[in-house]
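What's in entry-v7.cif: mmCIF, C-alpha atoms
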data_run
loop_
_atom_site.label_atom_id
_atom_site.label_comp_id
_atom_site.auth_asym_id
_atom_site.auth_seq_id
_atom_site.Cartn_x
_atom_site.Cartn_y
_atom_site.Cartn_z
CA MET A 16 0.00 0.00 0.00
CA GLY A 17 2.94 2.29 0.65
CA TYR A 18 4.27 1.54 -2.83
CA ALA A 19 0.86 2.33 -4.33
CA GLY A 20 1.02 5.65 -2.50
CA PHE A 21 4.39 6.27 -4.15
CA LEU A 22 3.09 5.41 -7.63
CA LEU A 23 -0.12 7.41 -7.39
CA ASP A 24 -0.43 11.15 -6.92
CA LYS A 25 -3.40 10.53 -4.63
CA ILE A 26 -5.03 7.38 -3.23
CA LYS A 27 -8.81 7.53 -3.10
CA GLU A 28 -9.48 3.99 -1.95
CA GLY A 29 -7.32 1.14 -0.69
CA VAL A 30 -8.26 -2.39 0.29
CA ILE A 31 -6.19 -5.33 1.46
CA TYR A 32 -7.40 -8.94 1.42
CA VAL A 33 -5.09 -11.50 3.01
CA GLY A 34 -5.21 -14.97 4.52
CA GLY A 35 -3.22 -18.11 5.20
CA LEU A 36 -5.05 -21.41 4.77
CA PRO A 37 -4.48 -25.15 4.53
CA GLN A 38 -4.71 -26.48 0.99
CA LYS A 39 -6.74 -29.45 2.18
CA ARG A 40 -10.15 -28.51 3.56
CA GLU A 41 -11.19 -30.60 6.55
CA LEU A 42 -14.41 -30.18 8.48
CA PRO A 43 -15.53 -28.75 10.80
CA PHE A 44 -13.22 -25.71 10.68
CA GLU A 45 -11.51 -25.99 7.27
CA TYR A 46 -8.70 -24.02 8.86
CA LYS A 47 -5.26 -24.53 10.36
CA ALA A 48 -3.30 -21.93 12.31
CA VAL A 49 -0.34 -20.93 10.16
CA PHE A 50 0.77 -18.33 12.69
CA SER A 51 0.30 -17.79 16.44
CA PRO A 52 -3.09 -19.36 17.26
CA ILE A 53 -3.86 -16.90 20.06
CA ASP A 54 -3.41 -14.08 17.52
CA VAL A 55 -5.90 -15.87 15.28
CA ILE A 56 -8.56 -15.66 17.99
CA GLU A 57 -7.81 -11.95 18.40
CA GLU A 58 -8.75 -11.46 14.75
CA TYR A 59 -12.23 -12.67 15.68
CA THR A 60 -12.58 -10.42 18.74
CA ARG A 61 -10.53 -7.24 18.31
CA PRO A 62 -12.62 -4.42 16.77
CA ALA A 63 -11.58 -3.54 13.25
CA ARG A 64 -10.42 0.02 12.58
CA ILE A 65 -11.05 1.25 9.06
CA ILE A 66 -11.11 4.61 7.29
CA GLU A 67 -14.37 5.85 5.79
CA HIS A 68 -14.91 9.35 4.36
CA GLY A 69 -11.56 10.32 5.79
CA LYS A 70 -12.48 9.37 9.36
CA LEU A 71 -11.45 6.48 11.58
CA VAL A 72 -14.41 4.20 12.30
CA VAL A 73 -14.61 0.98 14.26
CA ARG A 74 -16.53 -2.10 13.17
CA PRO A 75 -16.89 -5.48 14.88
CA ALA A 76 -14.47 -8.19 13.83
CA LEU A 77 -16.00 -10.76 11.45
CA SER A 78 -18.40 -8.10 10.11
CA GLU A 79 -19.32 -7.09 6.55
CA ALA A 80 -18.80 -10.54 5.06
CA GLU A 81 -18.31 -10.82 1.32
CA LEU A 82 -17.59 -13.69 -1.05
CA ILE A 83 -14.75 -13.18 -3.52
CA ASN A 84 -13.48 -15.47 -6.27
CA PHE A 85 -9.69 -15.69 -6.53
CA PRO A 86 -7.47 -17.35 -9.15
CA LYS A 87 -6.00 -20.74 -8.12
CA VAL A 88 -8.20 -20.88 -5.01
CA GLY A 89 -11.82 -20.26 -5.90
CA THR A 90 -14.34 -18.60 -3.62
CA LEU A 91 -13.24 -17.32 -0.22
CA GLU A 92 -15.08 -15.20 2.30
CA ALA A 93 -13.66 -11.95 3.63
CA PHE A 94 -14.42 -10.14 6.87
CA ASN A 95 -13.32 -6.99 8.64
CA SER A 96 -10.22 -7.42 10.78
CA ASP A 97 -7.93 -4.95 12.53
CA GLY A 98 -5.08 -5.12 10.06
CA LEU A 99 -4.55 -1.52 8.95
CA ARG A 100 -2.53 -0.62 12.05
CA THR A 101 -0.19 2.28 11.14
CA LEU A 102 -1.63 2.55 7.61
CA ALA A 103 -4.67 4.25 9.14
CA LYS A 104 -2.42 7.22 9.98
CA THR A 105 0.31 7.11 7.35
CA ILE A 106 -1.73 6.63 4.16
CA ASP A 107 -3.70 9.74 3.20
CA ALA A 108 -6.83 8.20 1.70
CA PRO A 109 -10.55 8.70 2.43
CA PHE A 110 -11.27 4.95 2.27
CA LEU A 111 -9.01 2.20 3.64
CA LYS A 112 -9.78 -1.28 4.95
CA GLU A 113 -8.17 -4.65 5.56
CA LYS A 114 -10.03 -7.95 5.47
CA THR A 115 -9.04 -11.48 6.42
CA LEU A 116 -9.76 -14.40 4.09
CA ARG A 117 -11.12 -17.82 5.04
CA TYR A 118 -13.01 -20.65 3.39
CA PRO A 119 -16.78 -19.96 3.20
CA GLY A 120 -18.63 -20.80 6.40
CA HIS A 121 -15.79 -19.94 8.77
CA ILE A 122 -17.30 -16.62 9.84
CA GLU A 123 -20.50 -18.27 11.03
CA LYS A 124 -18.60 -20.78 13.15
CA MET A 125 -16.33 -18.19 14.77
CA THR A 126 -19.22 -15.79 15.38
CA LEU A 127 -21.09 -18.56 17.21
CA LEU A 128 -18.10 -19.29 19.46
CA ARG A 129 -17.64 -15.59 20.16
CA GLU A 130 -21.29 -14.85 20.89
CA ILE A 131 -21.68 -17.64 23.43
CA GLY A 132 -18.64 -16.28 25.27
CA LEU A 133 -15.96 -18.81 24.42
CA PHE A 134 -13.54 -16.06 23.40
CA ASP A 135 -14.08 -14.00 26.57
CA THR A 136 -11.03 -13.27 28.71
CA GLU A 137 -12.77 -12.60 32.02
CA GLU A 138 -12.62 -15.61 34.35
CA ILE A 139 -15.78 -17.42 35.33
CA ASP A 140 -16.44 -19.75 38.26
CA ILE A 141 -16.86 -23.45 37.44
CA ASN A 142 -17.34 -25.62 40.50
CA GLY A 143 -15.14 -23.35 42.57
CA ASN A 144 -12.44 -23.03 39.91
CA LYS A 145 -11.67 -19.79 38.08
CA VAL A 146 -11.46 -20.41 34.34
CA SER A 147 -10.90 -18.01 31.46
CA PRO A 148 -13.19 -19.08 28.58
CA VAL A 149 -10.65 -18.15 25.91
CA ASP A 150 -7.96 -20.24 27.63
CA LEU A 151 -10.29 -23.24 27.60
CA THR A 152 -11.20 -22.60 23.96
CA ALA A 153 -7.54 -22.31 23.01
CA LYS A 154 -6.75 -25.57 24.79
CA LEU A 155 -9.48 -27.35 22.84
CA LEU A 156 -9.01 -25.68 19.46
CA PHE A 157 -5.25 -25.48 19.01
CA PRO A 158 -4.66 -29.25 18.64
CA LYS A 159 -7.33 -29.29 15.92
CA TRP A 160 -5.82 -26.22 14.24
CA LYS A 161 -2.22 -27.44 14.28
CA LEU A 162 -0.67 -27.45 10.82
CA GLU A 163 1.36 -30.63 10.53
CA HIS A 164 4.80 -30.61 8.93
CA ASP A 165 3.64 -32.62 5.91
CA GLU A 166 0.56 -30.47 5.27
CA ILE A 167 0.57 -27.88 2.48
CA ASP A 168 -0.52 -24.33 3.28
CA PHE A 169 -0.93 -21.34 1.00
CA THR A 170 -0.89 -17.59 1.44
CA ILE A 171 -3.14 -15.37 -0.63
CA MET A 172 -2.99 -11.59 -0.70
CA GLN A 173 -4.56 -8.93 -2.87
CA VAL A 174 -3.83 -5.23 -2.46
CA LYS A 175 -5.81 -2.75 -4.55
CA ALA A 176 -5.49 1.01 -4.63
CA LYS A 177 -7.57 3.39 -6.70
CA GLY A 178 -6.51 6.96 -7.18
CA ILE A 179 -5.22 9.69 -9.43
CA LYS A 180 -2.08 9.66 -11.58
CA ASP A 181 -1.31 12.59 -13.88
CA GLY A 182 -4.94 13.69 -13.71
CA LYS A 183 -6.31 10.25 -14.70
CA ASN A 184 -8.14 7.61 -12.66
CA MET A 185 -5.83 4.67 -12.06
CA GLU A 186 -6.12 1.32 -10.25
CA ILE A 187 -3.01 -0.49 -9.02
CA SER A 188 -3.33 -4.12 -7.98
CA PHE A 189 -0.90 -6.60 -6.42
CA PHE A 190 -1.78 -10.28 -6.15
CA LEU A 191 0.15 -13.00 -4.36
CA TYR A 192 -0.47 -16.73 -4.25
CA ASP A 193 2.23 -18.79 -2.58
CA GLU A 194 2.39 -22.41 -1.42
CA LYS A 195 4.63 -24.34 0.94
CA ASP A 196 8.02 -25.11 -0.59
CA LEU A 197 8.07 -28.90 -0.76
CA LYS A 198 11.82 -29.02 -1.31
CA SER A 199 12.78 -27.07 1.82
CA GLY A 200 9.69 -27.97 3.82
CA ILE A 201 9.13 -24.30 4.72
CA HIS A 202 5.46 -23.37 4.99
CA SER A 203 4.16 -20.49 2.89
CA MET A 204 3.30 -18.26 5.85
CA ALA A 205 6.89 -18.56 7.05
CA ARG A 206 8.19 -17.83 3.53
CA THR A 207 6.09 -14.74 2.95
CA THR A 208 6.62 -13.21 6.41
CA GLY A 209 10.03 -14.51 7.45
CA TYR A 210 11.75 -13.82 4.15
CA THR A 211 10.25 -10.32 4.10
CA ALA A 212 11.87 -9.65 7.48
CA THR A 213 15.29 -11.03 6.52
CA ILE A 214 15.30 -9.23 3.15
CA THR A 215 14.52 -5.97 4.95
CA LEU A 216 17.39 -6.70 7.32
CA ARG A 217 19.65 -7.02 4.28
CA MET A 218 18.53 -3.54 3.21
CA LEU A 219 19.72 -2.25 6.59
CA ILE A 220 23.02 -4.13 6.36
CA ASN A 221 23.58 -2.89 2.79
CA GLY A 222 22.98 0.71 3.84
CA MET A 223 19.83 1.07 1.73
CA ILE A 224 17.92 2.12 4.84
CA ASN A 225 19.66 4.50 7.20
CA ASN A 226 16.70 6.06 9.00
CA LYS A 227 16.82 6.19 12.76
CA GLY A 228 14.00 5.31 15.14
CA LEU A 229 10.77 3.63 14.10
CA ILE A 230 10.77 2.48 10.46
CA LEU A 231 7.34 1.52 9.14
CA PRO A 232 6.90 -1.00 6.29
CA GLU A 233 4.81 1.44 4.26
CA HIS A 234 7.60 4.02 4.46
CA ILE A 235 9.99 1.49 2.95
CA GLY A 236 7.31 0.89 0.30
CA LYS A 237 7.62 4.52 -0.78
CA ARG A 238 11.22 3.80 -1.80
CA GLU A 239 11.20 2.27 -5.29
CA ASP A 240 14.77 0.97 -4.92
CA CYS A 241 13.75 -0.89 -1.76
CA VAL A 242 10.62 -2.29 -3.39
CA ASN A 243 12.60 -3.51 -6.40
CA PHE A 244 15.17 -5.12 -4.10
CA LEU A 245 12.39 -6.85 -2.15
CA PHE A 246 10.65 -8.17 -5.26
CA ASP A 247 13.95 -9.32 -6.78
CA GLU A 248 14.79 -11.26 -3.63
CA PHE A 249 11.25 -12.71 -3.59
CA GLU A 250 11.76 -13.87 -7.17
CA LYS A 251 14.91 -15.78 -6.14
CA ARG A 252 12.79 -17.65 -3.60
CA ASP A 253 9.96 -18.23 -6.11
CA ILE A 254 7.60 -15.82 -4.33
CA LYS A 255 5.83 -13.94 -7.08
CA TYR A 256 3.57 -10.90 -6.94
CA GLU A 257 1.45 -10.20 -10.00
CA GLN A 258 1.14 -6.47 -10.61
CA SER A 259 -1.40 -4.66 -12.77
CA PHE A 260 -1.94 -1.02 -13.59
CA LYS A 261 -5.06 0.13 -15.40
CA SER A 262 -7.00 3.31 -15.95
CA PHE A 263 -10.75 3.57 -15.44
CA ASP A 264 -13.52 6.11 -15.95
#
Would you kindly transcribe this structure into structure tokens?
Amino acid sequence: MGYAGFLLDKIKEGVIYVGGLPQKRELPFEYKAVFSPIDVIEEYTRPARIIEHGKLVVRPALSEAELINFPKVGTLEAFNSDGLRTLAKTIDAPFLKEKTLRYPGHIEKMTLLREIGLFDTEEIDINGNKVSPVDLTAKLLFPKWKLEHDEIDFTIMQVKAKGIKDGKNMEISFFLYDEKDLKSGIHSMARTTGYTATITLRMLINGMINNKGLILPEHIGKREDCVNFLFDEFEKRDIKYEQSFKSFD
């Protein structure tokens, strides 16, 4: 999104869809935790901050469900999640949102668990014992959500930004589909997040980034030399972003 802000003179609307999923769908959840499971539950409980009409608004997690068809995957459902973080302040756009992707039906299951209190953090008394509902839920769910070493996961991400470039309406889109590397055994979520971190570290070591203090990812994205370095290093690891640029009326 930072790179889109660099390419466009003005962003009018930005949306991020992203999710990590098991390739094999198994009931009842059709999901495996490809990163910290407790953080997964937070995606279902933490209110989602989005930008509408230039103002910060808060919506419930799992809200505003929509079905979207993606290449190589098919239909996934998207829901509001609190993923904008610093983008809500650093990207000057009247509309910004981030949504998490899951297989269809997942929202209904997680909403049910949340609404009956199984994601609550406040302890309740059960036969004289103090128990946190979310701790119990985590204990029960995590073994079922564990991604085994021989299972294949994939990461899917689509970033779209609409705005103005040289007085014309322009849409910039980035699309990523990545699977576990069978040769190395490294899962896709580790590839797409871990390699991003180590490549950025190489930028620091190589002197490409010499800022002091807090360095935000979107600020690095506004440096075309850094973006090109990142994408080149991705290419070496067979992580490929498809990019498209098109004008519209």
message: Considering all atoms listed in the file, can you say which of A:Ser188, A:Thr60, A:Thr207, A:Ser199 comes closest to A:Thr136?
response: A:Thr60
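Nearest to A:Pro148 of all the residues A:Leu128, A:Leu77, A:Val49, A:Ile167 is A:Leu128, based on only C-alpha atoms.
Selection result for the displayed file, with the PyMOL selection byres ((chain A and resi 53) around 12) as criterion, is A:Ala48, A:Val49, A:Phe50, A:Ser51, A:Pro52, A:Asp54, A:Val55, A:Ile56, A:Glu57, A:Glu58, A:Tyr59, A:Thr60, A:Arg61, A:Phe134, A:Thr136, A:Val149, A:Asp150, A:Leu151, A:Thr152, A:Ala153, A:Lys154, A:Leu156, A:Phe157, A:Trp160.
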- prompt: Which residues come within 7 Å of stretch 253-260 of chain A, counting only C-alpha atoms, excluding same-chain residues fewer than 6 positions away, as a list in words?
  reply: Glu186, Ile187, Ser188, Phe189, Phe190, Leu191 and Asp193 of chain A
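This file, filtered with the PyMOL selection byres ((chain A and resi 82) around 7), gives the residues Ala80, Glu81, Ile83, Asn84, Thr90, Leu91, Glu92 and Ala93 of chain A.
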